[in-house]
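target34.pdb (PDB, C-alpha atoms, pLDDT in the B column) appears below.
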```pdb
ATOM      1  CA  MET K  24    -115.828  98.120 -92.669  1.00 57.00           C
ATOM      2  CA  THR K  25    -118.166 100.738 -94.124  1.00 65.00           C
ATOM      3  CA  HIS K  26    -115.610 103.442 -93.359  1.00 66.00           C
ATOM      4  CA  ILE K  27    -113.077 101.678 -95.599  1.00 73.00           C
ATOM      5  CA  ALA K  28    -115.611 101.293 -98.412  1.00 65.00           C
ATOM      6  CA  THR K  29    -116.634 104.940 -98.129  1.00 71.00           C
ATOM      7  CA  GLY K  30    -113.007 106.040 -98.147  1.00 60.00           C
ATOM      8  CA  LEU K  31    -112.210 103.947-101.233  1.00 61.00           C
ATOM      9  CA  ALA K  32    -115.271 105.276-103.042  1.00 62.00           C
ATOM     10  CA  SER K  33    -114.221 108.850-102.265  1.00 65.00           C
ATOM     11  CA  LEU K  34    -110.694 108.154-103.502  1.00 57.00           C
ATOM     12  CA  ALA K  35    -112.010 106.614-106.726  1.00 60.00           C
ATOM     13  CA  ALA K  36    -114.259 109.623-107.320  1.00 61.00           C
ATOM     14  CA  ALA K  37    -111.373 112.031-106.779  1.00 57.00           C
ATOM     15  CA  VAL K  38    -109.093 110.129-109.162  1.00 54.00           C
ATOM     16  CA  GLY K  39    -111.874 110.030-111.756  1.00 58.00           C
ATOM     17  CA  ALA K  40    -112.450 113.766-111.458  1.00 55.00           C
ATOM     18  CA  LEU K  41    -108.731 114.431-111.936  1.00 59.00           C
ATOM     19  CA  ALA K  42    -108.633 112.212-115.018  1.00 58.00           C
ATOM     20  CA  VAL K  43    -111.622 113.948-116.593  1.00 56.00           C
ATOM     21  CA  GLY K  44    -110.185 117.377-115.781  1.00 55.00           C
ATOM     22  CA  ALA K  45    -106.834 116.473-117.332  1.00 55.00           C
ATOM     23  CA  ALA K  46    -108.523 115.218-120.487  1.00 54.00           C
ATOM     24  CA  PHE K  47    -110.378 118.490-120.999  1.00 57.00           C
ATOM     25  CA  ALA K  48    -107.653 120.857-119.816  1.00 56.00           C
ATOM     26  CA  PRO K  49    -106.535 123.502-122.329  1.00 55.00           C
ATOM     27  CA  GLY K  50    -103.593 122.213-124.308  1.00 53.00           C
ATOM     28  CA  ALA K  51    -104.014 118.618-123.164  1.00 55.00           C
ATOM     29  CA  ASP K  52    -104.060 117.382-126.741  1.00 59.00           C
ATOM     30  CA  HIS K  53    -101.464 119.868-128.052  1.00 62.00           C
ATOM     31  CA  PRO K  54     -98.064 119.738-126.379  1.00 72.00           C
ATOM     32  CA  ALA K  55     -96.123 122.980-126.079  1.00 75.00           C
ATOM     33  CA  PRO K  56     -94.000 123.740-129.150  1.00 84.00           C
ATOM     34  CA  ARG K  57     -90.350 122.854-128.721  1.00 93.00           C
ATOM     35  CA  THR K  58     -87.722 125.378-129.727  1.00 95.00           C
ATOM     36  CA  ALA K  59     -83.977 125.005-130.166  1.00 96.00           C
ATOM     37  CA  ILE K  60     -81.243 127.561-130.772  1.00 96.00           C
ATOM     38  CA  VAL K  61     -78.112 126.574-132.681  1.00 96.00           C
ATOM     39  CA  ILE K  62     -75.709 129.502-132.655  1.00 96.00           C
ATOM     40  CA  ASP K  63     -72.018 129.527-133.554  1.00 96.00           C
ATOM     41  CA  ALA K  64     -69.929 129.465-130.361  1.00 94.00           C
ATOM     42  CA  PRO K  65     -68.118 132.772-131.057  1.00 93.00           C
ATOM     43  CA  ALA K  66     -71.453 134.552-131.570  1.00 92.00           C
ATOM     44  CA  ALA K  67     -72.788 133.240-128.233  1.00 92.00           C
ATOM     45  CA  ARG K  68     -70.081 134.821-126.101  1.00 89.00           C
ATOM     46  CA  ASP K  69     -70.450 137.869-123.929  1.00 84.00           C
ATOM     47  CA  GLY K  70     -67.079 139.512-123.441  1.00 83.00           C
ATOM     48  CA  ARG K  71     -64.896 137.020-121.603  1.00 83.00           C
ATOM     49  CA  ALA K  72     -67.816 134.747-120.715  1.00 84.00           C
ATOM     50  CA  LEU K  73     -67.995 131.651-122.903  1.00 88.00           C
ATOM     51  CA  VAL K  74     -71.797 131.696-122.867  1.00 91.00           C
ATOM     52  CA  ASP K  75     -73.954 134.793-122.823  1.00 91.00           C
ATOM     53  CA  PRO K  76     -76.142 134.707-119.675  1.00 91.00           C
ATOM     54  CA  ARG K  77     -79.259 135.345-121.754  1.00 93.00           C
ATOM     55  CA  LEU K  78     -78.818 131.919-123.350  1.00 93.00           C
ATOM     56  CA  ARG K  79     -78.980 130.301-119.930  1.00 89.00           C
ATOM     57  CA  ALA K  80     -82.325 131.979-119.234  1.00 90.00           C
ATOM     58  CA  VAL K  81     -84.058 131.295-122.573  1.00 93.00           C
ATOM     59  CA  ASN K  82     -86.797 128.663-122.697  1.00 92.00           C
ATOM     60  CA  ALA K  83     -85.196 126.651-125.502  1.00 94.00           C
ATOM     61  CA  ASP K  84     -82.592 123.958-125.965  1.00 96.00           C
ATOM     62  CA  VAL K  85     -79.290 125.590-126.902  1.00 96.00           C
ATOM     63  CA  ARG K  86     -76.282 124.241-128.794  1.00 96.00           C
ATOM     64  CA  LEU K  87     -73.073 126.177-129.481  1.00 96.00           C
ATOM     65  CA  PRO K  88     -71.225 124.401-132.301  1.00 96.00           C
ATOM     66  CA  ARG K  89     -67.522 125.158-132.674  1.00 95.00           C
ATOM     67  CA  ASP K  90     -67.271 124.059-136.310  1.00 95.00           C
ATOM     68  CA  ALA K  91     -69.370 123.188-139.357  1.00 94.00           C
ATOM     69  CA  ALA K  92     -69.549 119.463-138.529  1.00 96.00           C
ATOM     70  CA  GLU K  93     -70.935 120.164-135.049  1.00 96.00           C
ATOM     71  CA  ALA K  94     -73.449 122.612-136.516  1.00 96.00           C
ATOM     72  CA  ARG K  95     -74.713 119.981-138.983  1.00 95.00           C
ATOM     73  CA  THR K  96     -74.989 117.405-136.212  1.00 96.00           C
ATOM     74  CA  ASP K  97     -76.895 119.755-133.902  1.00 96.00           C
ATOM     75  CA  VAL K  98     -79.351 120.891-136.573  1.00 96.00           C
ATOM     76  CA  ARG K  99     -79.992 117.322-137.762  1.00 94.00           C
ATOM     77  CA  TYR K 100     -80.511 116.146-134.190  1.00 96.00           C
ATOM     78  CA  PHE K 101     -83.172 118.756-133.439  1.00 96.00           C
ATOM     79  CA  ALA K 102     -84.882 118.133-136.776  1.00 94.00           C
ATOM     80  CA  ALA K 103     -84.940 114.370-136.136  1.00 94.00           C
ATOM     81  CA  GLN K 104     -86.413 114.982-132.685  1.00 95.00           C
ATOM     82  CA  GLY K 105     -89.306 116.892-134.254  1.00 94.00           C
ATOM     83  CA  TYR K 106     -88.621 120.344-132.854  1.00 94.00           C
ATOM     84  CA  ASP K 107     -91.189 122.877-134.060  1.00 93.00           C
ATOM     85  CA  ARG K 108     -88.674 125.700-134.431  1.00 95.00           C
ATOM     86  CA  ILE K 109     -84.901 125.590-134.852  1.00 96.00           C
ATOM     87  CA  VAL K 110     -83.369 129.054-134.685  1.00 96.00           C
ATOM     88  CA  VAL K 111     -79.925 129.243-136.291  1.00 96.00           C
ATOM     89  CA  ALA K 112     -77.423 132.107-136.113  1.00 96.00           C
ATOM     90  CA  GLY K 113     -73.886 132.457-137.364  1.00 94.00           C
ATOM     91  CA  PRO K 114     -72.394 131.458-140.713  1.00 94.00           C
ATOM     92  CA  ARG K 115     -71.649 127.815-139.818  1.00 93.00           C
ATOM     93  CA  SER K 116     -75.019 127.123-138.262  1.00 93.00           C
ATOM     94  CA  ALA K 117     -76.943 128.876-141.017  1.00 92.00           C
ATOM     95  CA  ALA K 118     -75.056 126.937-143.686  1.00 92.00           C
ATOM     96  CA  ALA K 119     -75.928 123.641-141.964  1.00 88.00           C
ATOM     97  CA  ALA K 120     -79.631 124.415-141.645  1.00 87.00           C
ATOM     98  CA  ASP K 121     -82.299 123.218-144.026  1.00 86.00           C
ATOM     99  CA  GLY K 122     -85.952 122.419-143.558  1.00 85.00           C
ATOM    100  CA  PRO K 123     -89.338 123.893-142.696  1.00 88.00           C
ATOM    101  CA  ALA K 124     -88.612 124.307-138.965  1.00 90.00           C
ATOM    102  CA  ILE K 125     -85.517 126.453-139.588  1.00 94.00           C
ATOM    103  CA  VAL K 126     -85.540 130.142-138.710  1.00 95.00           C
ATOM    104  CA  ARG K 127     -82.384 131.962-139.810  1.00 95.00           C
ATOM    105  CA  VAL K 128     -81.407 135.063-137.864  1.00 95.00           C
ATOM    106  CA  ALA K 129     -78.417 137.387-137.927  1.00 94.00           C
ATOM    107  CA  ASP K 130     -77.143 137.356-134.340  1.00 94.00           C
ATOM    108  CA  LEU K 131     -77.730 136.467-130.697  1.00 94.00           C
ATOM    109  CA  PRO K 132     -80.370 139.153-129.918  1.00 94.00           C
ATOM    110  CA  ALA K 133     -82.359 138.121-132.977  1.00 94.00           C
ATOM    111  CA  ALA K 134     -82.066 134.444-131.973  1.00 94.00           C
ATOM    112  CA  LEU K 135     -83.393 135.201-128.501  1.00 94.00           C
ATOM    113  CA  ALA K 136     -86.267 137.194-129.964  1.00 94.00           C
ATOM    114  CA  ALA K 137     -87.147 134.434-132.442  1.00 92.00           C
ATOM    115  CA  ALA K 138     -87.072 131.801-129.708  1.00 91.00           C
ATOM    116  CA  SER K 139     -89.367 133.850-127.474  1.00 87.00           C
ATOM    117  CA  LEU K 140     -91.888 134.254-130.311  1.00 79.00           C
ATOM    118  CA  ALA K 141     -92.377 130.509-130.408  1.00 58.00           C
ATOM    119  CA  ARG K 142     -93.747 130.368-126.867  1.00 54.00           C
TER     120      ARG K 142
END
```
Could I get this structure in the form of structure tokens?
Amino acid sequence: MTHIATGLASLAAAVGALAVGAAFAPGADHPAPRTAIVIDAPAARDGRALVDPRLRAVNADVRLPRDAAEARTDVRYFAAQGYDRIVVAGPRSAAAADGPAIVRVADLPAALAAASLAR
């Protein structure tokens, strides 16, 4: 019976130590900033590929609107979700963007660079 009690006490101590460590871990009270890229679909292509491979590798949520209505919807969605940075590129996406989290850039390479700065 004492083996069970000792085992439970050890388990409780380990769980307590993990909880204290998580509370004081760097960044525990500040979540990582969230970044989104909204770039006009034609500007996101790479030759015949519909999506440039660099967009698949970026650490950001990506939307490729095909028209102005989709661009407005995408930008509003990310703003409503509280994204810290919304990078927009292309005439439709830039025209739809408004707000403090918006970062306007000229093209895909600039969008990728702006998204990587946020991390």
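Among K:Leu87, K:Ala66, K:Ala94, K:Ala138, the residue with the shortest atom-to-atom distance to Ala120 (chain K), counting all atoms listed in the file, is K:Ala94.
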Residues matched by the PyMOL selection byres ((chain K and resi 62) around 10), written as an MDAnalysis selection string: chainID K and resid 59:61 63:67 85:89 94 97 110:117 128:131 134
Nearest-residue call for Thr58 (chain K), choices K:Ile27, K:Ala83, K:Ala133, K:Val126, using all atoms listed in the file: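 Using all atoms listed in the file, the shortest distance to Thr58 (chain K) belongs to K:Ala83.
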Straight-line distance linking CA of Arg57 (chain K) with CA of Arg108 (chain K), stated in Å to one decimal: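 Between CA of Arg57 (chain K) and CA of Arg108 (chain K) the gap is 6.6 Å.
Our summary of the geometry notes that CA of Asp84 (chain K) is positioned 22.1 Å from CA of Gly70 (chain K).
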Between CA of Arg99 (chain K) and CA of Asp69 (chain K) - distance in Å to one decimal: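 Result for CA of Asp69 (chain K) versus CA of Arg99 (chain K): 26.5 Å, one decimal.
Between Gly122 (chain K) and the candidates K:Ala92, K:Val74, K:Ala102, K:Ala136, the tightest atom-to-atom separation, counting only C-alpha atoms, involves K:Ala102.
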